[in-house]
Structures are given as C-alpha cells and as structure tokens.
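Chemist: Quick one: the structure is below, questions incoming.
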Protein chains: 2
Amino acid sequence: MKLASLKGGQDGRLVVVSRDLTRATEATHLAPNLQRVLDNWDIFAPALADLAESLEHGSVPSFRFHEHDCAAPLPRAYQWVDGSAYVNHVELVRKARGAELPESFWTDPLMYQGTSDSNLGPRDPVPVASEDFGIDCEAEVAVITGPVRAGVSTSDAARAIRLVMLVNDVSLRNLIPSELAKGFGFLQSKPPTAFSPVAVTPDELGEAWDGGKVKLPLLTTVNGRMLGCPEAGEEMTFEFPALIAHAAKTRPLGPGTIVGSGTVSNRDPDGSPGRPVSEGGRGYSCIAEQRMVEAIRDGAPKTPFMRFGDVVRIEMKDSKGHSIFGAIEQRMEPAGMGGT
Amino acid sequence: MKLASLKGGQDGRLVVVSRDLTRATEATHLAPNLQRVLDNWDIFAPALADLAESLEHGSVPSFRFHEHDCAAPLPRAYQWVDGSAYVNHVELVRKARGAELPESFWTDPLMYQGTSDSNLGPRDPVPVASEDFGIDCEAEVAVITGPVRAGVSTSDAARAIRLVMLVNDVSLRNLIPSELAKGFGFLQSKPPTAFSPVAVTPDELGEAWDGGKVKLPLLTTVNGRMLGCPEAGEEMTFEFPALIAHAAKTRPLGPGTIVGSGTVSNRDPDGSPGRPVSEGGRGYSCIAEQRMVEAIRDGAPKTPFMRFGDVVRIEMKDSKGHSIFGAIEQRMEPAGMGGT
C-alpha cells in the first residue's frame, strides 16, 4: 500500500493513495496519522491494506490525489538517522579535499543523527537565509522502521522495515567545514529534510526490493536538467538492515524511526568517480559530488550550488516508467518568504 | 506548575504534581500527554496551572506521587539538542588530550543532535551491553521549548522556554574517540538520555531563574558519594536563549524541543580546573571530568567509569533544601536484564 499525510495540523491527515498516484481515500477513521499507525502496525496495517485494495477496485469514496497537498509522510518524526551507505560518495568527498578514506569506512557505516521535528513536504520550498550558505540537495532512499531493540541482529533489523520513501537531505555546504571541525557533527548545516509524497510498503516495489535495498535508478534534476540517475541498488555498501543495526547498537529505535541511505552514488564502470550525465555517465545525486569530480578532474569545481529560484526534483520510476513515490520538487527561497 | 508523565503507553499519562512532590492529580482529562500540551500551550497551560493551584489547596482528588512511577516528562521527544554551555568542561576535555581550545569556542556554542525517541525515566536502569564501553553520566539542566522560528533572536528565544528539568546525558566514553574521529558526531556513544521526574515552569524556580539559567547547585552522587555540586548559574558561557537561537539558526524548532546545557562545570576560584569534593572543591557532573583533572594533575586518570550495579543520582534543591525536580537515580545494568 501507499500512504500519505495531507497537510493539516502537526501530524497531517492520513490517506491511502492508489498505486498509480491519481486517487486517494481518507484513512483517518482508522488512525489519525501515520505515527499512530506505526505505533500499532499489527493492528492498523491490515485494515489499511484492505482499504488500499478497495481503493484500487473503486469500491470506496475517493478523491483526486495532488502531490502538492502532501506533508512529509511523517511531518514530524521522533528519529532521523542518515547513513552514508554509498561509500563512493564519501570517498569522493575525501578525495576532493585531499584526504584518504580510512579502510574502516568500508566496514563501519558513517551515520549522523539529524533533525526531524519539522520535516518538509515534497513540494515545500526550501527556505534559506542566504545563498552564501551553499544550498545543495542530497537525493536518497529511506526506510521507516517499527520498534527495534537495542543490539538487534541484521536479520531482525530487516524485519523491522515498514515503509520506503525518498529523501531530499537539504545541505548547506558552506556551513559544513567549520561545523564538522568542531567535532560534534551536523547541526546548522543540515536544515529540515524533505520527503516524497508517499511512503510505500516494500511489497509495492515488487522485484525492485530485495529485502535490503531498492534496485532502481534515482532521478534528480535541477531546473529541469538531469543531475543524475545512479542505480540505488548498486554499490550500496551498507544495506538498510545493516544501517538499522548500526543505529541500534546501543539504543532501541522507536516506531517511526527514519533511516536514510545517504546520497546515492555510483562509480563509472572503469572504477573512476563517475562521469556527468552530459558525458554519458550516471551523474550525481547532489551538486557537491559533481563539484568534487570537477575538482579532481579539472583542478577546481565549476558547477555552482543552488540559487534562490532554482528547483530540484527527485523521483524514482518503476520498470514501466511510473512514478513510485511521487516527486519531491522544491524551489530554493529566501527564508521568511512563506517557507517553514 | 510541576508536570510529570507517569509510565503507561508510548507518551505516558500526564499528571500535575504538588510543589513539594508528595502528591499528584490526573490531568489527562485536560490533555492526554505533555506533547499535546506543548503543541497547544496557550490553551492547556492556564487550565493546568489552575489544576496545580487546586492541588496545592487540596480541592481536587489526588494521590501519593512516587518518582519511580515516572517516565521522562517527554517519554519521546521530536528533538533533543545538547549544548556545551559550560566551556570549562570542554576546555578540560581538550586539555586532557593535549589539544588547545579554539578561541571561537567562547563565542560559538558546541551543540549536538541527540536521540530522543526512547527517553529514559528518572529511575529506569541504564542498560549497556558491556562495561568496556566506559559508562558515564553527565548531569545537566535542560529546557523544553514551544515553537521557535528559524533565525530567532536571543530575546525571542527566551520567550519560547516553557519548562525546565534535569538530565542525565548517559555517555559511553570508550566509544566516543573512534566515533568522533569519523566526523559525523555522536551516535552509538550517546545512548538514550534520562530526565528528572518532573518538568517545571520557570516561575517555580523563583529567584533562582533569571530568564537564562538556573542559579542553584546541581548535585550528583555515585553510589551515595558526592561526585559534584557545581553551581549551574556560574560560568554558563551560553545561556539557554543563546543555545535555542544557535539551534534555530537554519531551522525552526517544533514545540517540545529539548535543549540541554551540557555538563555543568565550574572552575576553582583561582581559575584551575576544579578540585574534587574530597578536597573541598565543587567536584564534577561526570566522571570523565574527574578523570581529566586527575590526568592533568597526576599524569593519569584513576577514578574508574561506572560498573554494573553502580548508581548515579542527580538532583537540584532550592534554597530551603527541597528537591525541585525530584531525583534522577539510575543503576547501570547489563543490556537485556529488563532495561529498555
């Protein structure tokens, strides 16, 4: 089934969305919001699945589904931890600044604790105080978990995956170096994150879901030009169950924890960092990566970060070309112009 | 007023507690839980304040209040950001490992995003998989905010403070160096955090609250022996409004955001790092700080981190010696022994 939270109130209004994303039906008579569903998955999920089937058959009242009416599936979440599962991305970041990648990065995931109390909806503008902050996107896949006990095994972690969705992990690149230099991780450099219109149960992905990752390309455009289309199912060094187990090593995870993949990133077939789309490569899921490749190849980055008015779009399509999660599509805006 | 969440369900059962912490009265007929109160403070706070007055006068049904029945005031919170407002603590950490304190640390707060989806109650055991992780406490003060807009001024931030409480920011010291070396901040080294039995509105602190900090000693004992009693109102380089504004520089803060002070820490009057209580000093709010002072003075730390069975107690008393928030009192336990 596909679930969305329409805008309204702190936690949105739960609806079930048709497989083709054209129609929706109210689900608030079953549960007021998605967090409540995740708190009691075994009770609510079967009823919601029945409702989803009825929606497909046209046997329940429905209305036109508009992606721009959506809040994030979890408009506020109790936990958001974001891994860096595509180590190619991490290696590029390091290489661009002349640093070696520690060998342990291939076995011990990088992960940070992010803010998730004010998640952005898929069409919400990205409000930023200054273009000088270096506005960038990071296109990712994420899962939402049920409850996970501390010290969980990878196989048990796999069973805790409830929903899958897309992410724009908005990043303020020019704030990152000084913030990370302080040693306590990201805070101001990672403002609120945006999520796709719908979150889907893994069965909606069919063969594209193998229990640990989504085997489809993740499409990112900036102002309508393709930035990247890397395969999310390739070179994912740490699959979702491993990321969940890493997050849960010393703590339980409450229901509704969002675990991100980190920026999806592929190398070229010859092992080099990845060519831009304009040269026949798969491109990038964030501008920083394009800039790093430029820095490595040409000595200096040339693609600018985003400016006010620029629009990023992130989407994933099934083998027939149909959008699975709906699209994240966000305009960069000066803070105070009506954004969050 | 003083508010607590009795254990039960994901979000606890809201009660109003008497000023002397001996009695409580149900408040769920007003609001089901504290998060809901914070979501609609202007509606619920006056009614809860009336109930608190009725409780003081004995004009509503009440029952004996037991601190060990409490969950954290917010059993799960959408955001927990913890500053390092007592820069003496930060300077000691650095000095012990031979590193200089950057000058900017006196003007730009250190702050990390922590996990808050599974907060510990004040008497919950601290479950840890291995004593080798280096189990430590960090005694702190925290505030809970209402909604805060991105880019808030310090003076507006001060007006967003709703409640004050105590914190045990449980830390796994031996996991910290390798985790921070990865560059993305704390994750596994900061397991769930514990909070005091009650959270209080600032007016309950009387003259001990000056709008930015609590001017009282914070008492920490380990196995009944005083570890420290530093003054929370002294040497707090960044007061709560500054910490809130720092957290909100590039993001709004949702209602119910918890902002921590970091480990409360004082120097000696002569400016030296702070003597232990046994030598007439004010001691420490975490064992790591005692070990750092030992390392600086004696060449090596001698006080061990906590072992299974050890008990930490954190409390703050008013000028008449009455406990304000109730006590955090937690036993260290092997994970899987009934803890979270």
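Letters A, B, ... mark the chains of the structure tokens in the order given; residue numbers begin at 1 per chain; ligand numbers begin at 1, in order shown.
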Hey, what's within 7 Å of range 202-206 of chain B if we count only C-alpha atoms and toss same-chain stuff fewer than 6 positions away? As a list of chain:residue names, please?

Modeler: B:Met1, B:Leu163, B:Val164

Chemist: Could you turn the residues from that selection into a file that holds C-alpha atoms, as a PDB file, in the first residue's frame?

Modeler:
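The result, written out as result-v2.pdb:
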```
ATOM      1  CA  MET B   1       3.394  24.243  37.972  1.00  0.00           C
ATOM      2  CA  LEU B 163       9.616  24.061  31.112  1.00  0.00           C
ATOM      3  CA  VAL B 164      12.858  23.286  32.916  1.00  0.00           C
TER       4      VAL B 164
END
```

Chemist: Can you list every residue in range 147-222 of chain B that DSSP puts in strand (DSSP E), as a PDB file with C-alpha atoms, in the first residue's frame?

Modeler:
```
ATOM      1  CA  ILE B 161      11.064  28.487  27.169  1.00  0.00           C
ATOM      2  CA  ARG B 162       8.148  26.515  28.609  1.00  0.00           C
ATOM      3  CA  LEU B 163       9.616  24.061  31.112  1.00  0.00           C
ATOM      4  CA  VAL B 164      12.858  23.286  32.916  1.00  0.00           C
ATOM      5  CA  MET B 165      14.120  19.850  34.014  1.00  0.00           C
ATOM      6  CA  LEU B 166      17.259  17.843  34.807  1.00  0.00           C
ATOM      7  CA  VAL B 167      19.119  15.472  32.527  1.00  0.00           C
ATOM      8  CA  ASN B 168      21.438  12.503  32.738  1.00  0.00           C
ATOM      9  CA  SER B 171      27.709   8.675  27.676  1.00  0.00           C
ATOM     10  CA  LEU B 172      29.752   5.678  26.590  1.00  0.00           C
ATOM     11  CA  ALA B 194      17.245  10.185  31.224  1.00  0.00           C
ATOM     12  CA  PHE B 195      15.213  13.087  32.573  1.00  0.00           C
ATOM     13  CA  ALA B 199       9.457  19.376  34.478  1.00  0.00           C
ATOM     14  CA  VAL B 200       8.580  22.747  35.985  1.00  0.00           C
ATOM     15  CA  LEU B 218      23.437  20.624  40.647  1.00  0.00           C
ATOM     16  CA  LEU B 219      24.099  17.645  42.917  1.00  0.00           C
ATOM     17  CA  THR B 220      25.498  14.394  41.549  1.00  0.00           C
ATOM     18  CA  THR B 221      26.349  11.337  43.617  1.00  0.00           C
ATOM     19  CA  VAL B 222      27.726   7.973  42.544  1.00  0.00           C
TER      20      VAL B 222
END
```

Chemist: When you look at Val87 in chain B with a cut-off of 10 Å (counting only C-alpha atoms), what residues show up, excluding the ones that are within fewer than 5 positions of it in the same chain? I need them as a ChimeraX atom specification.

Modeler: /B:92-93,101,105-106,109-110,235-238,262-266

Chemist: Grab the residues selected above and save them as a short mmCIF file (atom, residue, chain, number, x, y, z; two decimals), in the first residue's frame with N, CA, C and O atoms.

Modeler:
```cif
data_model
loop_
_atom_site.label_atom_id
_atom_site.label_comp_id
_atom_site.auth_asym_id
_atom_site.auth_seq_id
_atom_site.Cartn_x
_atom_site.Cartn_y
_atom_site.Cartn_z
N LEU B 92 38.56 21.31 29.57
CA LEU B 92 39.19 20.18 30.28
C LEU B 92 39.32 18.96 29.38
O LEU B 92 40.36 18.29 29.38
N VAL B 93 38.23 18.67 28.63
CA VAL B 93 38.28 17.52 27.72
C VAL B 93 39.47 17.67 26.78
O VAL B 93 40.23 16.73 26.55
N LEU B 101 42.03 24.71 23.15
CA LEU B 101 40.64 25.11 22.93
C LEU B 101 40.62 26.24 21.92
O LEU B 101 41.20 27.30 22.16
N PHE B 105 35.40 28.81 20.51
CA PHE B 105 34.52 28.04 21.39
C PHE B 105 33.91 28.90 22.49
O PHE B 105 32.96 28.50 23.14
N TRP B 106 34.47 30.10 22.71
CA TRP B 106 33.90 31.02 23.70
C TRP B 106 32.77 31.86 23.12
O TRP B 106 32.08 32.57 23.85
N PRO B 109 28.63 28.25 20.22
CA PRO B 109 28.38 27.06 21.06
C PRO B 109 28.65 25.74 20.33
O PRO B 109 28.35 25.61 19.14
N LEU B 110 29.21 24.80 21.04
CA LEU B 110 29.22 23.41 20.62
C LEU B 110 27.84 22.84 20.91
O LEU B 110 27.29 23.04 22.00
N GLU B 235 29.43 30.47 35.34
CA GLU B 235 30.28 30.02 34.22
C GLU B 235 29.50 29.32 33.11
O GLU B 235 30.04 28.49 32.40
N MET B 236 28.19 29.65 33.00
CA MET B 236 27.41 29.14 31.87
C MET B 236 27.62 30.14 30.73
O MET B 236 26.91 31.14 30.61
N THR B 237 28.60 29.87 29.91
CA THR B 237 29.00 30.82 28.87
C THR B 237 27.86 31.12 27.91
O THR B 237 27.67 32.25 27.47
N PHE B 238 27.10 30.08 27.58
CA PHE B 238 25.93 30.25 26.69
C PHE B 238 24.67 29.92 27.47
O PHE B 238 24.47 28.78 27.86
N GLY B 262 24.46 20.94 28.46
CA GLY B 262 25.77 20.29 28.56
C GLY B 262 26.16 20.14 30.02
O GLY B 262 25.51 20.70 30.93
N THR B 263 27.22 19.38 30.24
CA THR B 263 27.68 19.05 31.58
C THR B 263 27.99 20.31 32.39
O THR B 263 28.82 21.13 31.98
N VAL B 264 27.32 20.44 33.52
CA VAL B 264 27.54 21.61 34.37
C VAL B 264 28.92 21.50 35.01
O VAL B 264 29.31 20.44 35.52
N SER B 265 29.68 22.59 34.95
CA SER B 265 31.09 22.52 35.35
C SER B 265 31.58 23.88 35.82
O SER B 265 31.32 24.89 35.17
N ASN B 266 32.27 23.90 36.95
CA ASN B 266 32.87 25.14 37.47
C ASN B 266 34.38 24.96 37.64
O ASN B 266 34.86 23.86 37.91
#
```

Chemist: Name the residues in contact with Arg36 in chain B at a cut-off of 10 Å, using only C-alpha atoms, excluding same-chain residues fewer than 6 positions from it; report them as JSON, numbers by chain.

Modeler: {"B": [11, 14, 30, 44, 255, 256]}

Chemist: Keeping only C-alpha atoms, write the selected residues to a file as a short mmCIF file (atom, residue, chain, number, x, y, z; two decimals), in the first residue's frame.

Modeler:
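again_24.cif written:
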```
data_model
loop_
_atom_site.label_atom_id
_atom_site.label_comp_id
_atom_site.auth_asym_id
_atom_site.auth_seq_id
_atom_site.Cartn_x
_atom_site.Cartn_y
_atom_site.Cartn_z
CA ASP B 11 3.69 9.01 25.69
CA LEU B 14 0.01 13.43 32.23
CA LEU B 30 -7.31 18.21 30.02
CA PHE B 44 -3.73 23.97 28.02
CA PRO B 255 7.07 22.53 20.21
CA GLY B 256 8.58 20.07 22.67
#
```

Chemist: Quick one: residues within 6 Å of range 323-339 of chain B, only C-alpha atoms, excluding same-chain residues fewer than 3 positions away - as a PDB file with N, CA, C and O atoms, in the first residue's frame?

Modeler:
```
ATOM      1  N   PRO B 122      13.270   8.650  35.160  1.00  0.00           N
ATOM      2  CA  PRO B 122      14.273   9.031  36.162  1.00  0.00           C
ATOM      3  C   PRO B 122      14.806   7.853  36.986  1.00  0.00           C
ATOM      4  O   PRO B 122      15.911   7.935  37.511  1.00  0.00           O
ATOM      5  N   ARG B 123      14.041   6.789  37.101  1.00  0.00           N
ATOM      6  CA  ARG B 123      14.517   5.633  37.877  1.00  0.00           C
ATOM      7  C   ARG B 123      14.767   4.417  37.000  1.00  0.00           C
ATOM      8  O   ARG B 123      14.983   3.312  37.508  1.00  0.00           O
ATOM      9  N   ASP B 124      14.707   4.591  35.689  1.00  0.00           N
ATOM     10  CA  ASP B 124      14.991   3.469  34.791  1.00  0.00           C
ATOM     11  C   ASP B 124      16.458   3.084  34.895  1.00  0.00           C
ATOM     12  O   ASP B 124      17.330   3.951  34.993  1.00  0.00           O
ATOM     13  N   PRO B 125      16.749   1.794  34.857  1.00  0.00           N
ATOM     14  CA  PRO B 125      18.153   1.405  34.765  1.00  0.00           C
ATOM     15  C   PRO B 125      18.756   1.886  33.450  1.00  0.00           C
ATOM     16  O   PRO B 125      18.026   2.208  32.515  1.00  0.00           O
ATOM     17  N   VAL B 126      20.077   1.965  33.435  1.00  0.00           N
ATOM     18  CA  VAL B 126      20.807   2.295  32.198  1.00  0.00           C
ATOM     19  C   VAL B 126      21.340   0.983  31.638  1.00  0.00           C
ATOM     20  O   VAL B 126      22.290   0.415  32.186  1.00  0.00           O
ATOM     21  N   PRO B 127      20.709   0.462  30.565  1.00  0.00           N
ATOM     22  CA  PRO B 127      21.152  -0.824  30.025  1.00  0.00           C
ATOM     23  C   PRO B 127      22.311  -0.642  29.060  1.00  0.00           C
ATOM     24  O   PRO B 127      22.203   0.117  28.102  1.00  0.00           O
ATOM     25  N   VAL B 128      23.412  -1.304  29.310  1.00  0.00           N
ATOM     26  CA  VAL B 128      24.598  -1.179  28.447  1.00  0.00           C
ATOM     27  C   VAL B 128      25.115  -2.591  28.159  1.00  0.00           C
ATOM     28  O   VAL B 128      25.127  -3.446  29.050  1.00  0.00           O
ATOM     29  N   ALA B 129      25.518  -2.829  26.929  1.00  0.00           N
ATOM     30  CA  ALA B 129      25.936  -4.175  26.533  1.00  0.00           C
ATOM     31  C   ALA B 129      27.230  -4.604  27.220  1.00  0.00           C
ATOM     32  O   ALA B 129      27.415  -5.783  27.521  1.00  0.00           O
ATOM     33  N   SER B 196      14.510  14.129  34.632  1.00  0.00           N
ATOM     34  CA  SER B 196      14.008  14.177  36.004  1.00  0.00           C
ATOM     35  C   SER B 196      12.520  13.820  36.060  1.00  0.00           C
ATOM     36  O   SER B 196      11.812  13.902  35.059  1.00  0.00           O
ATOM     37  N   PRO B 197      12.032  13.446  37.255  1.00  0.00           N
ATOM     38  CA  PRO B 197      10.623  13.072  37.390  1.00  0.00           C
ATOM     39  C   PRO B 197       9.671  14.168  36.924  1.00  0.00           C
ATOM     40  O   PRO B 197       8.687  13.877  36.240  1.00  0.00           O
ATOM     41  N   VAL B 198       9.953  15.401  37.283  1.00  0.00           N
ATOM     42  CA  VAL B 198       9.043  16.472  36.862  1.00  0.00           C
ATOM     43  C   VAL B 198       9.786  17.525  36.047  1.00  0.00           C
ATOM     44  O   VAL B 198      10.993  17.727  36.192  1.00  0.00           O
ATOM     45  N   PHE B 308      28.505  -2.198  36.273  1.00  0.00           N
ATOM     46  CA  PHE B 308      27.142  -2.684  36.506  1.00  0.00           C
ATOM     47  C   PHE B 308      26.883  -2.707  38.010  1.00  0.00           C
ATOM     48  O   PHE B 308      27.730  -3.161  38.794  1.00  0.00           O
ATOM     49  N   GLY B 309      25.739  -2.219  38.401  1.00  0.00           N
ATOM     50  CA  GLY B 309      25.392  -2.147  39.817  1.00  0.00           C
ATOM     51  C   GLY B 309      25.618  -0.773  40.410  1.00  0.00           C
ATOM     52  O   GLY B 309      25.015  -0.434  41.430  1.00  0.00           O
ATOM     53  N   ASP B 310      26.478   0.009  39.798  1.00  0.00           N
ATOM     54  CA  ASP B 310      26.689   1.379  40.286  1.00  0.00           C
ATOM     55  C   ASP B 310      25.429   2.211  40.079  1.00  0.00           C
ATOM     56  O   ASP B 310      24.666   1.987  39.122  1.00  0.00           O
ATOM     57  N   VAL B 311      25.250   3.170  40.982  1.00  0.00           N
ATOM     58  CA  VAL B 311      24.043   4.009  40.938  1.00  0.00           C
ATOM     59  C   VAL B 311      24.440   5.478  40.902  1.00  0.00           C
ATOM     60  O   VAL B 311      25.225   5.939  41.739  1.00  0.00           O
ATOM     61  N   VAL B 312      23.900   6.198  39.943  1.00  0.00           N
ATOM     62  CA  VAL B 312      24.119   7.641  39.874  1.00  0.00           C
ATOM     63  C   VAL B 312      22.833   8.344  40.293  1.00  0.00           C
ATOM     64  O   VAL B 312      21.730   7.880  39.975  1.00  0.00           O
ATOM     65  N   ARG B 313      22.984   9.448  41.014  1.00  0.00           N
ATOM     66  CA  ARG B 313      21.814  10.229  41.453  1.00  0.00           C
ATOM     67  C   ARG B 313      22.069  11.699  41.145  1.00  0.00           C
ATOM     68  O   ARG B 313      23.146  12.224  41.448  1.00  0.00           O
ATOM     69  N   ILE B 314      21.094  12.333  40.524  1.00  0.00           N
ATOM     70  CA  ILE B 314      21.219  13.734  40.108  1.00  0.00           C
ATOM     71  C   ILE B 314      20.007  14.502  40.629  1.00  0.00           C
ATOM     72  O   ILE B 314      18.863  14.080  40.412  1.00  0.00           O
ATOM     73  N   GLU B 315      20.262  15.600  41.307  1.00  0.00           N
ATOM     74  CA  GLU B 315      19.161  16.318  41.952  1.00  0.00           C
ATOM     75  C   GLU B 315      19.524  17.789  42.091  1.00  0.00           C
ATOM     76  O   GLU B 315      20.702  18.157  42.070  1.00  0.00           O
ATOM     77  N   MET B 316      18.521  18.626  42.247  1.00  0.00           N
ATOM     78  CA  MET B 316      18.740  20.049  42.489  1.00  0.00           C
ATOM     79  C   MET B 316      17.775  20.480  43.583  1.00  0.00           C
ATOM     80  O   MET B 316      16.587  20.146  43.528  1.00  0.00           O
ATOM     81  N   LYS B 317      18.313  21.198  44.590  1.00  0.00           N
ATOM     82  CA  LYS B 317      17.477  21.601  45.720  1.00  0.00           C
ATOM     83  C   LYS B 317      17.362  23.120  45.786  1.00  0.00           C
ATOM     84  O   LYS B 317      18.297  23.836  45.426  1.00  0.00           O
TER      85      LYS B 317
END
```
